[in-house]
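One structure is given here, and the rest of the page talks about it.
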Amino acid sequence: MMEGKGSLNLPAGIEKSWDVLLDSEVLKRCIMGCKKLELVEENKYEADISMGVASVKGDYSTTIELANINKPISYQMIVKGEGGPGSIEAVADITLESVDENNTVLSYSFEAEVGGKVAMVGQRMLGGVSKLVIKDFFKKFGKELKKAEVTN
């Protein structure tokens, strides 16, 4: 079992941050290696994700479900993926807190469990990979938010 948490400042108000965060096109662009993201039922997506980090390399068919949605404050993201390198299940709790009309703090915590070949990689390396994926996601998300601020 791996876990982690962190927070970052978003350059937008809470409503805007929420809307961009739950936009499926944005999600697709922010998830590392995401080739397809399709809404299959309300708040549930199917994704094809190609991960290329060491022995975690491979294609995963993944479901991403948003649960416990409390707009615009918090939600839970449940990720289940299966692929050549093994399986992954992760649950992330995401919370938004308004600072002022142009700034929001996003906090997240996650727990992930892996199985198959991926599990043999060792916790330290997997911890590094998961941090990389999460940091990459939020870095791209920050850029998406800035783009959204410009277009509206």
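We label chains A, B, ... in the order they appear in the structure tokens, count residues from 1 in each chain, and number ligands from 1 in the order shown.
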
As a VMD selection string, please: every residue in range 8-150 of chain A that DSSP puts in strand (DSSP E).
chain A and resid 8 to 10 34 to 41 44 to 51 58 to 70 74 to 83 86 to 100 103 to 115

Excluding Ser17 in chain A and its own-chain neighbours fewer than 5 positions away, which residues fall within 12 Å of it when counting only C-alpha atoms? Please give them as a PyMOL selection string.
chain A and resi 9-12+22-23+26+71-74+94-99+101-106+138+141-149

Those residues with N, CA, C and O atoms, as a CSV table (one decimal), in the first residue's frame please?
```csv
chain,number,residue,atom,x,y,z
A,9,ASN,N,-1.3,25.7,-4.9
A,9,ASN,CA,-2.1,26.8,-5.2
A,9,ASN,C,-2.5,26.9,-6.6
A,9,ASN,O,-1.7,26.6,-7.5
A,10,LEU,N,-3.8,27.1,-6.8
A,10,LEU,CA,-4.3,27.2,-8.2
A,10,LEU,C,-4.6,28.7,-8.5
A,10,LEU,O,-5.2,29.4,-7.6
A,11,PRO,N,-4.3,29.1,-9.7
A,11,PRO,CA,-4.4,30.5,-10.0
A,11,PRO,C,-5.8,30.9,-10.5
A,11,PRO,O,-6.0,31.5,-11.6
A,12,ALA,N,-6.8,30.5,-9.8
A,12,ALA,CA,-8.2,30.8,-10.2
A,12,ALA,C,-9.1,30.7,-9.0
A,12,ALA,O,-8.8,30.0,-7.9
A,22,LEU,N,-13.1,19.2,-13.3
A,22,LEU,CA,-14.0,18.2,-13.7
A,22,LEU,C,-14.4,18.1,-15.2
A,22,LEU,O,-15.3,17.4,-15.6
A,23,ASP,N,-13.6,18.8,-15.9
A,23,ASP,CA,-13.7,18.8,-17.4
A,23,ASP,C,-13.0,17.6,-18.0
A,23,ASP,O,-11.8,17.5,-17.8
A,26,VAL,N,-9.9,18.2,-20.1
A,26,VAL,CA,-8.8,18.7,-19.3
A,26,VAL,C,-8.2,17.5,-18.6
A,26,VAL,O,-6.9,17.3,-18.6
A,71,LYS,N,-19.8,19.7,-4.6
A,71,LYS,CA,-19.4,20.8,-5.4
A,71,LYS,C,-19.5,22.1,-4.6
A,71,LYS,O,-20.4,22.3,-3.9
A,72,PRO,N,-18.5,23.0,-4.7
A,72,PRO,CA,-17.2,23.0,-5.4
A,72,PRO,C,-16.1,22.7,-4.4
A,72,PRO,O,-15.0,23.2,-4.6
A,73,ILE,N,-16.4,21.9,-3.4
A,73,ILE,CA,-15.4,21.7,-2.3
A,73,ILE,C,-14.6,20.5,-2.4
A,73,ILE,O,-13.3,20.5,-2.2
A,74,SER,N,-15.2,19.3,-2.7
A,74,SER,CA,-14.4,18.1,-2.6
A,74,SER,C,-15.0,17.0,-3.4
A,74,SER,O,-16.2,17.0,-3.7
A,94,ILE,N,-9.8,14.8,-3.0
A,94,ILE,CA,-9.4,16.1,-3.5
A,94,ILE,C,-10.3,17.1,-2.9
A,94,ILE,O,-11.5,17.0,-2.9
A,95,THR,N,-9.6,18.1,-2.3
A,95,THR,CA,-10.4,19.2,-1.6
A,95,THR,C,-9.9,20.6,-2.1
A,95,THR,O,-8.7,20.8,-2.3
A,96,LEU,N,-10.9,21.4,-2.4
A,96,LEU,CA,-10.6,22.8,-2.8
A,96,LEU,C,-11.0,23.8,-1.7
A,96,LEU,O,-12.0,23.6,-1.0
A,97,GLU,N,-10.1,24.7,-1.4
A,97,GLU,CA,-10.4,25.7,-0.4
A,97,GLU,C,-10.1,27.1,-1.0
A,97,GLU,O,-9.1,27.4,-1.5
A,98,SER,N,-11.2,27.9,-0.9
A,98,SER,CA,-11.1,29.3,-1.5
A,98,SER,C,-10.2,30.2,-0.7
A,98,SER,O,-10.3,30.3,0.5
A,99,VAL,N,-9.2,30.8,-1.3
A,99,VAL,CA,-8.4,31.8,-0.7
A,99,VAL,C,-9.0,33.2,-0.9
A,99,VAL,O,-9.3,33.9,0.0
A,101,GLU,N,-10.9,35.5,-4.7
A,101,GLU,CA,-11.5,35.2,-6.0
A,101,GLU,C,-10.6,34.8,-7.1
A,101,GLU,O,-11.0,34.3,-8.1
A,102,ASN,N,-9.3,34.9,-6.9
A,102,ASN,CA,-8.3,34.5,-7.9
A,102,ASN,C,-7.4,33.4,-7.4
A,102,ASN,O,-6.5,33.0,-8.2
A,103,ASN,N,-7.6,32.8,-6.2
A,103,ASN,CA,-6.7,31.8,-5.7
A,103,ASN,C,-7.5,30.8,-4.9
A,103,ASN,O,-8.4,31.1,-4.2
A,104,THR,N,-7.1,29.5,-5.2
A,104,THR,CA,-7.7,28.4,-4.5
A,104,THR,C,-6.6,27.4,-4.1
A,104,THR,O,-5.6,27.2,-4.9
A,105,VAL,N,-6.7,26.8,-3.0
A,105,VAL,CA,-5.8,25.8,-2.6
A,105,VAL,C,-6.4,24.4,-2.8
A,105,VAL,O,-7.5,24.2,-2.3
A,106,LEU,N,-5.7,23.6,-3.5
A,106,LEU,CA,-6.1,22.2,-3.8
A,106,LEU,C,-5.3,21.3,-2.9
A,106,LEU,O,-4.1,21.4,-2.9
A,138,PHE,N,-0.7,17.8,-11.9
A,138,PHE,CA,-1.0,19.1,-11.3
A,138,PHE,C,-0.3,20.2,-12.1
A,138,PHE,O,-0.8,21.3,-12.2
A,141,PHE,N,-2.3,20.6,-15.0
A,141,PHE,CA,-3.6,21.2,-14.7
A,141,PHE,C,-3.5,22.7,-14.4
A,141,PHE,O,-4.4,23.5,-14.8
A,142,GLY,N,-2.4,23.1,-13.8
A,142,GLY,CA,-2.1,24.6,-13.6
A,142,GLY,C,-2.1,25.3,-14.9
A,142,GLY,O,-2.7,26.4,-15.0
A,143,LYS,N,-1.5,24.7,-15.9
A,143,LYS,CA,-1.4,25.3,-17.2
A,143,LYS,C,-2.8,25.4,-17.9
A,143,LYS,O,-3.1,26.4,-18.5
A,144,GLU,N,-3.6,24.3,-17.7
A,144,GLU,CA,-4.9,24.3,-18.3
A,144,GLU,C,-5.8,25.4,-17.6
A,144,GLU,O,-6.6,26.1,-18.3
A,145,LEU,N,-5.6,25.6,-16.3
A,145,LEU,CA,-6.4,26.6,-15.6
A,145,LEU,C,-6.0,28.0,-16.2
A,145,LEU,O,-6.9,28.8,-16.4
A,146,LYS,N,-4.7,28.3,-16.4
A,146,LYS,CA,-4.3,29.5,-16.9
A,146,LYS,C,-4.9,29.8,-18.3
A,146,LYS,O,-5.3,30.9,-18.6
A,147,LYS,N,-4.9,28.7,-19.1
A,147,LYS,CA,-5.5,28.8,-20.5
A,147,LYS,C,-7.0,29.1,-20.4
A,147,LYS,O,-7.5,29.9,-21.1
A,148,ALA,N,-7.7,28.4,-19.4
A,148,ALA,CA,-9.1,28.7,-19.2
A,148,ALA,C,-9.4,30.1,-18.8
A,148,ALA,O,-10.4,30.7,-19.2
A,149,GLU,N,-8.5,30.7,-18.0
A,149,GLU,CA,-8.6,32.0,-17.5
A,149,GLU,C,-8.6,33.0,-18.7
A,149,GLU,O,-9.2,34.0,-18.7
```

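CA of Ala67 in chain A is found 7.4 Å from CA of Asn43 in chain A.
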
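Of the residues listed (A:Ala119, A:Leu8, A:Leu66, A:Val20), A:Ala119 shows the shortest atom-to-atom separation from Ser87 in chain A; distances use only C-alpha atoms.
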
I'd like to know which residues of range 17-136 of chain A are helix (DSSP H, G or I) (by DSSP, run on the backbone); could you write them as a VMD selection string?
chain A and resid 17 to 21 24 to 30 54 to 56 116 to 121 123 to 136

Could the residues in this selection be written to a file with N, CA, C and O atoms, as a tab-separated table (two decimals), in the first residue's frame?
```
chain	number	residue	atom	x	y	z
A	17	SER	N	-11.89	26.74	-10.71
A	17	SER	CA	-10.99	25.60	-10.49
A	17	SER	C	-11.78	24.30	-10.54
A	17	SER	O	-11.35	23.32	-11.16
A	18	TRP	N	-12.94	24.30	-9.91
A	18	TRP	CA	-13.79	23.10	-9.88
A	18	TRP	C	-14.22	22.70	-11.30
A	18	TRP	O	-14.11	21.54	-11.69
A	19	ASP	N	-14.70	23.70	-12.07
A	19	ASP	CA	-15.19	23.40	-13.42
A	19	ASP	C	-14.10	22.82	-14.30
A	19	ASP	O	-14.32	21.87	-15.04
A	20	VAL	N	-12.90	23.40	-14.21
A	20	VAL	CA	-11.80	22.94	-15.04
A	20	VAL	C	-11.36	21.55	-14.56
A	20	VAL	O	-11.07	20.66	-15.36
A	21	LEU	N	-11.33	21.35	-13.25
A	21	LEU	CA	-10.90	20.08	-12.67
A	21	LEU	C	-11.81	18.93	-13.09
A	21	LEU	O	-11.37	17.79	-13.22
A	24	SER	N	-13.70	16.73	-18.65
A	24	SER	CA	-13.08	15.49	-19.10
A	24	SER	C	-11.96	15.73	-20.12
A	24	SER	O	-10.97	15.00	-20.15
A	25	GLU	N	-12.10	16.77	-20.94
A	25	GLU	CA	-11.04	17.08	-21.90
A	25	GLU	C	-9.76	17.48	-21.18
A	25	GLU	O	-8.65	17.12	-21.57
A	26	VAL	N	-9.94	18.24	-20.11
A	26	VAL	CA	-8.79	18.67	-19.31
A	26	VAL	C	-8.16	17.46	-18.63
A	26	VAL	O	-6.94	17.29	-18.63
A	27	LEU	N	-9.00	16.60	-18.06
A	27	LEU	CA	-8.50	15.38	-17.41
A	27	LEU	C	-7.64	14.58	-18.38
A	27	LEU	O	-6.54	14.14	-18.04
A	28	LYS	N	-8.16	14.42	-19.59
A	28	LYS	CA	-7.44	13.64	-20.59
A	28	LYS	C	-6.07	14.25	-20.87
A	28	LYS	O	-5.07	13.54	-20.97
A	29	ARG	N	-6.02	15.58	-21.00
A	29	ARG	CA	-4.75	16.23	-21.31
A	29	ARG	C	-3.79	16.20	-20.13
A	29	ARG	O	-2.58	16.30	-20.31
A	30	CYS	N	-4.31	16.09	-18.91
A	30	CYS	CA	-3.46	16.16	-17.72
A	30	CYS	C	-2.96	14.79	-17.24
A	30	CYS	O	-1.96	14.72	-16.54
A	54	ALA	N	10.30	2.77	-16.33
A	54	ALA	CA	10.99	1.53	-15.94
A	54	ALA	C	10.11	0.30	-16.15
A	54	ALA	O	9.50	0.14	-17.19
A	55	SER	N	10.03	-0.56	-15.14
A	55	SER	CA	9.27	-1.81	-15.32
A	55	SER	C	7.77	-1.61	-15.15
A	55	SER	O	7.00	-2.56	-15.13
A	56	VAL	N	7.35	-0.36	-14.99
A	56	VAL	CA	5.92	-0.06	-14.91
A	56	VAL	C	5.39	0.21	-16.32
A	56	VAL	O	4.22	0.46	-16.53
A	116	GLY	N	0.60	-7.78	-9.39
A	116	GLY	CA	1.29	-8.26	-10.59
A	116	GLY	C	2.75	-7.85	-10.61
A	116	GLY	O	3.33	-7.53	-9.58
A	117	LYS	N	3.32	-7.82	-11.81
A	117	LYS	CA	4.74	-7.48	-11.96
A	117	LYS	C	5.07	-6.13	-11.35
A	117	LYS	O	6.14	-5.94	-10.79
A	118	VAL	N	4.14	-5.21	-11.48
A	118	VAL	CA	4.36	-3.85	-10.97
A	118	VAL	C	4.71	-3.91	-9.48
A	118	VAL	O	5.55	-3.16	-8.99
A	119	ALA	N	4.05	-4.82	-8.76
A	119	ALA	CA	4.24	-4.90	-7.31
A	119	ALA	C	5.65	-5.32	-6.94
A	119	ALA	O	6.12	-5.08	-5.83
A	120	MET	N	6.36	-5.98	-7.87
A	120	MET	CA	7.71	-6.44	-7.57
A	120	MET	C	8.75	-5.35	-7.69
A	120	MET	O	9.91	-5.54	-7.34
A	121	VAL	N	8.35	-4.21	-8.23
A	121	VAL	CA	9.28	-3.12	-8.46
A	121	VAL	C	9.85	-2.61	-7.14
A	121	VAL	O	10.97	-2.13	-7.07
A	123	GLN	N	8.49	-0.70	-3.24
A	123	GLN	CA	7.71	0.47	-2.82
A	123	GLN	C	8.40	1.79	-3.12
A	123	GLN	O	7.77	2.75	-3.49
A	124	ARG	N	9.74	1.82	-2.92
A	124	ARG	CA	10.42	3.11	-3.09
A	124	ARG	C	10.28	3.62	-4.51
A	124	ARG	O	9.96	4.77	-4.75
A	125	MET	N	10.52	2.71	-5.44
A	125	MET	CA	10.43	3.12	-6.84
A	125	MET	C	9.00	3.50	-7.20
A	125	MET	O	8.76	4.50	-7.87
A	126	LEU	N	8.04	2.68	-6.74
A	126	LEU	CA	6.64	2.97	-7.06
A	126	LEU	C	6.21	4.29	-6.46
A	126	LEU	O	5.46	5.05	-7.06
A	127	GLY	N	6.68	4.56	-5.25
A	127	GLY	CA	6.37	5.84	-4.61
A	127	GLY	C	6.86	6.98	-5.48
A	127	GLY	O	6.17	7.97	-5.68
A	128	GLY	N	8.08	6.81	-6.05
A	128	GLY	CA	8.65	7.82	-6.93
A	128	GLY	C	7.83	8.00	-8.18
A	128	GLY	O	7.56	9.12	-8.62
A	129	VAL	N	7.39	6.88	-8.76
A	129	VAL	CA	6.57	6.92	-9.98
A	129	VAL	C	5.25	7.63	-9.70
A	129	VAL	O	4.81	8.49	-10.46
A	130	SER	N	4.59	7.26	-8.60
A	130	SER	CA	3.28	7.86	-8.31
A	130	SER	C	3.42	9.36	-8.06
A	130	SER	O	2.60	10.15	-8.51
A	131	LYS	N	4.49	9.76	-7.38
A	131	LYS	CA	4.71	11.20	-7.16
A	131	LYS	C	4.92	11.92	-8.48
A	131	LYS	O	4.41	13.01	-8.70
A	132	LEU	N	5.69	11.28	-9.38
A	132	LEU	CA	5.96	11.85	-10.70
A	132	LEU	C	4.65	12.06	-11.47
A	132	LEU	O	4.40	13.12	-12.03
A	133	VAL	N	3.79	11.03	-11.47
A	133	VAL	CA	2.52	11.10	-12.19
A	133	VAL	C	1.64	12.20	-11.61
A	133	VAL	O	1.03	13.00	-12.33
A	134	ILE	N	1.58	12.27	-10.28
A	134	ILE	CA	0.73	13.27	-9.61
A	134	ILE	C	1.26	14.68	-9.86
A	134	ILE	O	0.51	15.58	-10.21
A	135	LYS	N	2.57	14.86	-9.71
A	135	LYS	CA	3.15	16.19	-9.95
A	135	LYS	C	2.93	16.63	-11.38
A	135	LYS	O	2.61	17.78	-11.66
A	136	ASP	N	3.11	15.69	-12.31
A	136	ASP	CA	2.90	15.98	-13.72
A	136	ASP	C	1.45	16.41	-13.97
A	136	ASP	O	1.17	17.37	-14.67
```
